[in-house]
file input_24.csv (CSV, C-alpha atoms and all ligand atoms)
chain,number,residue,atom,x,y,z
A,29,MET,CA,19.8,-14.3,240.7
A,30,LEU,CA,18.9,-14.9,237.1
A,31,LEU,CA,22.0,-16.8,236.0
A,32,GLU,CA,24.8,-18.3,238.2
A,33,ILE,CA,27.8,-20.1,236.7
A,34,ASN,CA,29.9,-22.0,239.2
A,35,ASN,CA,33.4,-23.4,238.4
A,36,LEU,CA,32.5,-24.0,234.8
A,37,LYS,CA,34.9,-26.2,232.8
A,38,ALA,CA,34.3,-26.9,229.1
A,39,GLY,CA,36.1,-27.1,225.8
A,40,TYR,CA,36.2,-28.9,222.4
A,41,GLY,CA,36.9,-32.6,222.3
A,42,ASN,CA,39.6,-33.2,224.8
A,43,ILE,CA,40.9,-29.6,224.8
A,44,THR,CA,39.8,-27.7,227.9
A,45,ILE,CA,39.3,-24.0,227.2
A,46,LEU,CA,37.3,-22.9,230.3
A,47,HIS,CA,39.3,-23.8,233.5
A,48,GLY,CA,36.7,-22.8,236.1
A,49,VAL,CA,34.6,-19.7,235.3
A,50,ASN,CA,32.4,-18.1,237.9
A,51,LEU,CA,29.9,-15.4,237.1
A,52,GLU,CA,26.4,-14.2,237.7
A,53,VAL,CA,23.7,-12.1,236.1
A,54,ASN,CA,21.0,-10.5,238.2
A,55,PRO,CA,17.6,-9.8,236.8
A,56,GLY,CA,17.6,-6.6,234.7
A,57,GLU,CA,21.4,-6.5,234.2
A,58,ILE,CA,23.6,-6.1,231.1
A,59,VAL,CA,26.7,-8.0,232.0
A,60,CYS,CA,29.7,-7.8,229.6
A,61,LEU,CA,32.6,-10.3,229.2
A,62,ILE,CA,35.8,-8.8,227.9
A,63,GLY,CA,39.2,-10.2,227.4
A,64,PRO,CA,41.9,-11.1,224.8
A,65,ASN,CA,41.3,-13.1,221.7
A,66,GLY,CA,41.1,-16.8,222.5
A,67,ALA,CA,40.3,-16.3,226.2
A,68,GLY,CA,37.2,-18.4,225.9
A,69,LYS,CA,34.5,-15.7,225.9
A,70,SER,CA,32.5,-17.2,223.1
A,71,THR,CA,33.0,-20.6,224.6
A,72,VAL,CA,31.3,-19.4,227.8
A,73,LEU,CA,28.3,-18.3,225.8
A,74,ARG,CA,28.2,-21.5,223.8
A,75,THR,CA,28.3,-23.6,227.0
A,76,VAL,CA,25.6,-21.6,228.8
A,77,ALA,CA,23.5,-21.8,225.6
A,78,GLY,CA,23.8,-25.6,225.6
A,79,GLN,CA,25.8,-26.0,222.4
A,80,LEU,CA,28.7,-27.4,224.5
A,81,THR,CA,28.3,-29.6,227.5
A,82,PRO,CA,30.4,-28.6,230.5
A,83,SER,CA,32.8,-31.2,231.8
A,84,GLN,CA,32.5,-29.8,235.3
A,85,GLY,CA,30.7,-27.0,237.2
A,86,GLU,CA,27.1,-25.7,237.2
A,87,ILE,CA,24.9,-23.4,235.2
A,88,ILE,CA,21.9,-22.3,237.3
A,89,PHE,CA,19.1,-20.4,235.6
A,90,GLU,CA,16.3,-19.1,237.8
A,91,GLY,CA,17.4,-21.5,240.5
A,92,GLN,CA,17.4,-24.6,238.3
A,93,ASN,CA,20.4,-26.5,237.3
A,94,VAL,CA,20.3,-26.4,233.5
A,95,SER,CA,24.0,-27.5,232.9
A,96,LYS,CA,23.2,-30.3,230.5
A,97,GLU,CA,20.0,-29.0,228.9
A,98,SER,CA,19.7,-28.5,225.1
A,99,PRO,CA,19.5,-25.0,223.6
A,100,GLU,CA,15.8,-25.7,222.7
A,101,LYS,CA,14.9,-26.5,226.3
A,102,LYS,CA,16.7,-23.4,227.5
A,103,GLY,CA,14.9,-21.4,224.8
A,104,VAL,CA,11.6,-22.4,226.2
A,105,LYS,CA,12.7,-21.3,229.7
A,106,GLY,CA,13.6,-17.9,228.3
A,107,LEU,CA,17.4,-18.2,227.7
A,108,ILE,CA,18.4,-17.5,224.1
A,109,PHE,CA,21.7,-17.2,222.2
A,110,ILE,CA,22.5,-14.8,219.4
A,111,PRO,CA,25.9,-15.9,218.0
A,112,GLN,CA,28.3,-13.6,216.3
A,113,GLY,CA,28.5,-13.1,212.5
A,114,GLU,CA,26.3,-15.4,210.5
A,115,ASN,CA,23.2,-15.3,212.7
A,116,ILE,CA,20.4,-14.9,210.1
A,117,PHE,CA,19.3,-16.9,207.0
A,118,PRO,CA,20.7,-14.8,204.1
A,119,ASN,CA,18.7,-16.6,201.3
A,120,LEU,CA,15.4,-16.2,203.1
A,121,SER,CA,13.3,-13.1,203.1
A,122,LEU,CA,13.2,-10.8,206.2
A,123,LEU,CA,9.7,-12.0,206.9
A,124,GLU,CA,10.7,-15.7,206.6
A,125,ASN,CA,13.6,-14.9,209.0
A,126,LEU,CA,11.2,-13.4,211.5
A,127,GLU,CA,8.7,-16.3,211.1
A,128,ILE,CA,11.4,-18.9,211.7
A,129,ALA,CA,12.6,-17.0,214.8
A,130,ALA,CA,9.1,-16.9,216.2
A,131,PHE,CA,7.8,-20.2,214.9
A,132,ALA,CA,6.5,-21.2,218.3
A,133,LEU,CA,4.3,-18.0,218.3
A,134,LYS,CA,3.2,-17.9,214.6
A,135,GLY,CA,-0.4,-17.9,213.8
A,136,ASN,CA,-1.7,-16.4,217.0
A,137,ASP,CA,-2.3,-12.8,218.0
A,138,THR,CA,1.0,-12.6,219.9
A,139,TYR,CA,3.0,-13.1,216.7
A,140,GLN,CA,1.2,-10.3,214.8
A,141,ASN,CA,1.5,-8.0,217.8
A,142,ARG,CA,5.2,-8.7,218.2
A,143,LEU,CA,5.8,-8.4,214.5
A,144,ASN,CA,4.3,-5.0,214.8
A,145,GLN,CA,6.7,-4.2,217.7
A,146,VAL,CA,9.6,-5.3,215.5
A,147,LEU,CA,8.5,-3.0,212.7
A,148,GLY,CA,8.0,-0.2,215.3
A,149,SER,CA,11.6,-0.6,216.4
A,150,PHE,CA,13.0,-1.0,212.9
A,151,PRO,CA,10.7,0.9,210.6
A,152,TRP,CA,13.0,0.4,207.6
A,153,MET,CA,12.1,-3.3,207.6
A,154,LYS,CA,8.5,-2.5,206.4
A,155,ASP,CA,9.5,-2.0,202.8
A,156,ARG,CA,11.8,-4.9,202.7
A,157,LEU,CA,9.9,-7.8,204.3
A,158,ASN,CA,9.9,-9.8,201.1
A,159,ARG,CA,13.5,-9.1,200.1
A,160,PRO,CA,16.2,-11.6,200.7
A,161,ALA,CA,18.1,-10.9,204.0
A,162,LYS,CA,21.4,-11.1,202.1
A,163,GLU,CA,20.6,-7.7,200.6
A,164,LEU,CA,20.8,-6.1,204.0
A,165,SER,CA,23.8,-4.1,205.3
A,166,GLY,CA,25.8,-5.4,208.3
A,167,GLY,CA,23.9,-3.2,210.8
A,168,GLN,CA,20.5,-4.2,209.3
A,169,ARG,CA,21.5,-7.9,209.6
A,170,GLN,CA,22.4,-7.4,213.2
A,171,ALA,CA,19.0,-5.6,213.8
A,172,LEU,CA,17.3,-8.6,212.2
A,173,ALA,CA,19.1,-10.9,214.5
A,174,LEU,CA,18.1,-8.7,217.5
A,175,SER,CA,14.4,-8.8,216.4
A,176,ARG,CA,14.4,-12.3,217.8
A,177,ILE,CA,14.5,-10.7,221.2
A,178,ILE,CA,11.4,-8.6,220.5
A,179,LEU,CA,9.6,-11.6,219.1
A,180,LEU,CA,10.4,-14.1,221.9
A,181,LYS,CA,10.7,-11.8,224.9
A,182,PRO,CA,13.3,-14.0,226.6
A,183,LYS,CA,14.5,-13.4,230.2
A,184,LEU,CA,18.2,-13.6,229.3
A,185,VAL,CA,20.0,-13.1,226.0
A,186,LEU,CA,23.5,-14.5,225.4
A,187,LEU,CA,24.8,-12.0,222.8
A,188,ASP,CA,28.1,-12.6,221.0
A,189,GLU,CA,29.9,-9.5,219.6
A,190,PRO,CA,26.9,-7.4,218.5
A,191,SER,CA,29.3,-4.7,217.1
A,192,LEU,CA,31.4,-7.1,215.0
A,193,GLY,CA,32.3,-5.5,211.6
A,194,LEU,CA,29.9,-2.5,212.0
A,195,ALA,CA,30.7,1.2,211.4
A,196,PRO,CA,30.8,3.4,214.6
A,197,LEU,CA,27.5,5.1,214.0
A,198,VAL,CA,25.8,1.8,213.4
A,199,VAL,CA,27.4,0.4,216.6
A,200,GLU,CA,25.8,3.3,218.5
A,201,ASP,CA,22.4,2.4,217.0
A,202,ILE,CA,22.7,-1.3,217.8
A,203,PHE,CA,23.7,-0.5,221.4
A,204,SER,CA,20.8,1.9,221.8
A,205,GLN,CA,18.5,-0.9,220.7
A,206,ILE,CA,20.1,-3.3,223.3
A,207,GLN,CA,19.6,-0.7,226.0
A,208,ALA,CA,16.0,-0.1,225.0
A,209,MET,CA,15.3,-3.9,225.2
A,210,ASN,CA,17.1,-4.0,228.6
A,211,GLN,CA,14.8,-1.2,229.8
A,212,GLN,CA,11.9,-3.5,228.9
A,213,GLY,CA,13.3,-5.9,231.5
A,214,ILE,CA,15.4,-8.2,229.3
A,215,SER,CA,18.8,-9.2,230.7
A,216,PHE,CA,22.0,-9.7,228.7
A,217,LEU,CA,25.2,-11.6,229.0
A,218,MET,CA,27.3,-10.1,226.2
A,219,VAL,CA,30.7,-10.7,224.7
A,220,GLU,CA,32.2,-7.5,223.2
A,221,GLN,CA,35.5,-7.0,221.6
A,222,ASN,CA,34.9,-3.2,221.7
A,223,ALA,CA,35.6,-3.1,225.4
A,224,ARG,CA,35.1,0.6,225.8
A,225,LYS,CA,31.6,0.5,224.3
A,226,GLY,CA,30.7,-2.8,226.0
A,227,LEU,CA,31.7,-1.6,229.4
A,228,SER,CA,30.0,1.8,228.9
A,229,VAL,CA,26.6,0.2,228.3
A,230,SER,CA,27.0,-2.6,231.0
A,231,HIS,CA,25.9,-2.6,234.6
A,232,ARG,CA,28.7,-5.1,235.4
A,233,ALA,CA,31.5,-6.9,233.6
A,234,TYR,CA,34.0,-9.6,233.9
A,235,VAL,CA,37.5,-9.9,232.5
A,236,LEU,CA,38.2,-13.4,231.2
A,237,GLU,CA,41.8,-14.5,230.6
A,238,GLN,CA,43.0,-18.0,229.7
A,239,GLY,CA,39.7,-19.5,230.5
A,240,LYS,CA,39.2,-18.0,234.0
A,241,ASP,CA,37.4,-14.9,235.3
A,242,ARG,CA,40.2,-12.6,236.5
A,243,LEU,CA,38.5,-9.4,237.5
A,244,THR,CA,35.0,-8.1,238.0
A,245,GLY,CA,33.3,-4.8,238.8
A,246,THR,CA,30.8,-2.4,237.5
A,247,GLY,CA,31.2,-1.2,233.9
A,248,ALA,CA,32.3,2.2,235.3
A,249,GLU,CA,34.8,0.7,237.7
A,250,LEU,CA,36.5,-1.4,235.0
A,251,LEU,CA,36.6,1.6,232.6
A,252,CYS,CA,38.7,3.4,235.2
A,253,ASP,CA,40.9,0.4,236.1
A,254,GLN,CA,44.5,1.0,235.1
A,255,ARG,CA,45.1,-2.6,234.0
A,256,VAL,CA,41.9,-2.8,232.0
A,257,GLN,CA,42.8,0.5,230.4
A,258,ASP,CA,46.3,-0.6,229.5
A,259,LEU,CA,45.3,-4.0,228.1
A,260,TYR,CA,41.8,-3.5,226.6
A,261,LEU,CA,41.1,0.1,226.1
A,262,GLY,CA,44.2,1.1,224.3
A,263,GLY,CA,45.8,3.0,227.2
A,301,LIG,N1,35.1,-25.4,217.4
A,301,LIG,C1,36.3,-25.3,218.0
A,301,LIG,N2,37.1,-26.4,218.1
A,301,LIG,C2,38.3,-26.4,218.7
A,301,LIG,N3,38.8,-25.2,219.3
A,301,LIG,C3,38.0,-24.2,219.3
A,301,LIG,C4,36.7,-24.1,218.6
A,301,LIG,N4,36.2,-22.9,218.8
A,301,LIG,C5,37.1,-22.2,219.5
A,301,LIG,N5,38.2,-22.9,219.8
A,301,LIG,C6,39.4,-22.5,220.5
A,301,LIG,O1,39.0,-22.2,221.8
A,301,LIG,C7,39.7,-21.0,222.3
A,301,LIG,C8,38.8,-20.0,222.8
A,301,LIG,O2,37.9,-19.5,221.8
A,301,LIG,P1,36.8,-18.5,222.0
A,301,LIG,O3,36.2,-18.3,220.6
A,301,LIG,O4,35.9,-18.9,223.1
A,301,LIG,O5,37.6,-17.2,222.4
A,301,LIG,P2,37.1,-15.7,222.6
A,301,LIG,O6,37.6,-15.2,223.9
A,301,LIG,O7,35.7,-15.6,222.3
A,301,LIG,O8,38.0,-15.0,221.5
A,301,LIG,P3,37.6,-14.3,220.1
A,301,LIG,O9,37.5,-12.9,220.5
A,301,LIG,O10,38.9,-14.5,219.3
A,301,LIG,O11,36.4,-14.9,219.6
A,301,LIG,C9,40.6,-20.6,221.2
A,301,LIG,O12,41.9,-21.1,221.4
A,301,LIG,C10,40.0,-21.2,220.0
A,301,LIG,O13,40.9,-21.5,219.0
call {"tool": "encode", "arguments": {"input": "input_24.csv", "output": "structure tokens", "more": "lines below"}}
Ligand SMILES: Nc1ncnc2c1ncn2[C@@H]1O[C@H](COP(=O)(O)OP(=O)(O)OP(=O)(O)O)[C@@H](O)[C@H]1O
result
Amino acid sequence: MLLEINNLKAGYGNITILHGVNLEVNPGEIVCLIGPNGAGKSTVLRTVAGQLTPSQGEIIFEGQNVSKESPEKKGVKGLIFIPQGENIFPNLSLLENLEIAAFALKGNDTYQNRLNQVLGSFPWMKDRLNRPAKELSGGQRQALALSRIILLKPKLVLLDEPSLGLAPLVVEDIFSQIQAMNQQGISFLMVEQNARKGLSVSHRAYVLEQGKDRLTGTGAELLCDQRVQDLYLGG
């Protein structure tokens, strides 16, 4: 098991949002979290990432209890978080964004090699490396955020709403990139509001409601589930 979450409770100040969440990610899996607005999906990712400290429960990563570790410490272990929306530095150039993302690697052969891999995956970046990131389209910004995965080669990526605000064709492109990275052995725990798309690219998924995991199955099983269809797939 790569990640195991047991009876996780967490929230903001004295408001509890997660009331005992259990889930797991096996090596090589894409696991999707779906559920209504406010169910606590992003809160699960923030807690696993280390931005929030759980009040109860355990987060086990590669057999180690990392429940109270900082995002930086988890990053070193190969667990990274790509939040939704503003996940790049708009006033910095593309190259500066990539350098910051990979600051631990910079200056050695690995950085140059991995930068070349980023440019291989996203060839349009080559001509814009010195342009400010704020000039990029929504899809290009998301690609820049995903470049962090190619640079850092983490074991598990916590990915919040990769399709947020993107046009359908761009969403297809972003999900193909995620699947290509997954085929290189990188696992994902992903929150996706577009449940149909999220489930169709995922090996397994969980439905989160009111801060608890209510239902689980393979992506294909949940796509066929009547209740999931009625509530999350528009019938
Ligand atoms: N920083 C915060 N301080 C206080 N409450 C918060 C904070 N962030 C989120 N919440 C509350 O926590 C609850 C769960 O939010 P969360 O973002 O985890 O839900 P979600 O399932 O990801 O939904 P959405 O799809 O709307 O993002 C919501 O009621 C939200 O208002």
call {"tool": "closest_residue", "arguments": {"input": "input_24.csv", "among": "A:Leu186, A:Leu227, A:Leu147, A:Ile116", "to": "A:Lys162", "atoms": "only C-alpha atoms"}}
result
A:Ile116
call {"tool": "residues_around", "arguments": {"input": "input_24.csv", "residues": "A:Ser215", "least_positions_apart": "5", "cutoff": "12 Å", "atoms": "only C-alpha atoms", "output": "count of residues only"}}
result
31
call {"tool": "residues_near_point", "arguments": {"input": "input_24.csv", "point": "(22.9, -15.0, 208.5)", "cutoff": "8 Å", "atoms": "all atoms listed in the file", "output": "list in words"}}
result
Gly113, Glu114, Asn115, Ile116, Phe117, Pro118, Ala161, Lys162 and Arg169 of chain A
call {"tool": "residues_near_ligand", "arguments": {"input": "input_24.csv", "ligand": "ligand LIG 301 (chain A)", "cutoff": "9 Å", "atoms": "all atoms listed in the file", "output": "NGL selection string"}}
result
:A and (39-41 or 43-46 or 61-74 or 112 or 188-189 or 219-221 or 236-239)
call {"tool": "write_last_selection", "arguments": {"input": "input_24.csv", "atoms": "C-alpha atoms", "output": "mmCIF file, keeping the file's coordinate frame"}}
result
data_model
loop_
_atom_site.group_PDB
_atom_site.id
_atom_site.type_symbol
_atom_site.label_atom_id
_atom_site.label_comp_id
_atom_site.auth_asym_id
_atom_site.auth_seq_id
_atom_site.Cartn_x
_atom_site.Cartn_y
_atom_site.Cartn_z
ATOM 1 C CA GLY A 39 36.100 -27.100 225.800
ATOM 2 C CA TYR A 40 36.200 -28.900 222.400
ATOM 3 C CA GLY A 41 36.900 -32.600 222.300
ATOM 4 C CA ILE A 43 40.900 -29.600 224.800
ATOM 5 C CA THR A 44 39.800 -27.700 227.900
ATOM 6 C CA ILE A 45 39.300 -24.000 227.200
ATOM 7 C CA LEU A 46 37.300 -22.900 230.300
ATOM 8 C CA LEU A 61 32.600 -10.300 229.200
ATOM 9 C CA ILE A 62 35.800 -8.800 227.900
ATOM 10 C CA GLY A 63 39.200 -10.200 227.400
ATOM 11 C CA PRO A 64 41.900 -11.100 224.800
ATOM 12 C CA ASN A 65 41.300 -13.100 221.700
ATOM 13 C CA GLY A 66 41.100 -16.800 222.500
ATOM 14 C CA ALA A 67 40.300 -16.300 226.200
ATOM 15 C CA GLY A 68 37.200 -18.400 225.900
ATOM 16 C CA LYS A 69 34.500 -15.700 225.900
ATOM 17 C CA SER A 70 32.500 -17.200 223.100
ATOM 18 C CA THR A 71 33.000 -20.600 224.600
ATOM 19 C CA VAL A 72 31.300 -19.400 227.800
ATOM 20 C CA LEU A 73 28.300 -18.300 225.800
ATOM 21 C CA ARG A 74 28.200 -21.500 223.800
ATOM 22 C CA GLN A 112 28.300 -13.600 216.300
ATOM 23 C CA ASP A 188 28.100 -12.600 221.000
ATOM 24 C CA GLU A 189 29.900 -9.500 219.600
ATOM 25 C CA VAL A 219 30.700 -10.700 224.700
ATOM 26 C CA GLU A 220 32.200 -7.500 223.200
ATOM 27 C CA GLN A 221 35.500 -7.000 221.600
ATOM 28 C CA LEU A 236 38.200 -13.400 231.200
ATOM 29 C CA GLU A 237 41.800 -14.500 230.600
ATOM 30 C CA GLN A 238 43.000 -18.000 229.700
ATOM 31 C CA GLY A 239 39.700 -19.500 230.500
#
call {"tool": "closest_residue", "arguments": {"input": "input_24.csv", "among": "A:Lys240, A:Ile110, A:Asn119, A:Ala223", "to": "A:Val256", "atoms": "all atoms listed in the file"}}
result
A:Ala223
call {"tool": "closest_residue", "arguments": {"input": "input_24.csv", "among": "A:Val76, A:Leu194, A:Leu250, A:Leu243", "to": "A:Val94", "atoms": "all atoms listed in the file"}}
result
A:Val76
call {"tool": "residues_around", "arguments": {"input": "input_24.csv", "residues": "A:Ala129", "least_positions_apart": "5", "cutoff": "10 Å", "atoms": "all atoms listed in the file", "output": "number ranges by chain"}}
result
A: 116, 123-124, 134, 172-173, 175-177, 179-180
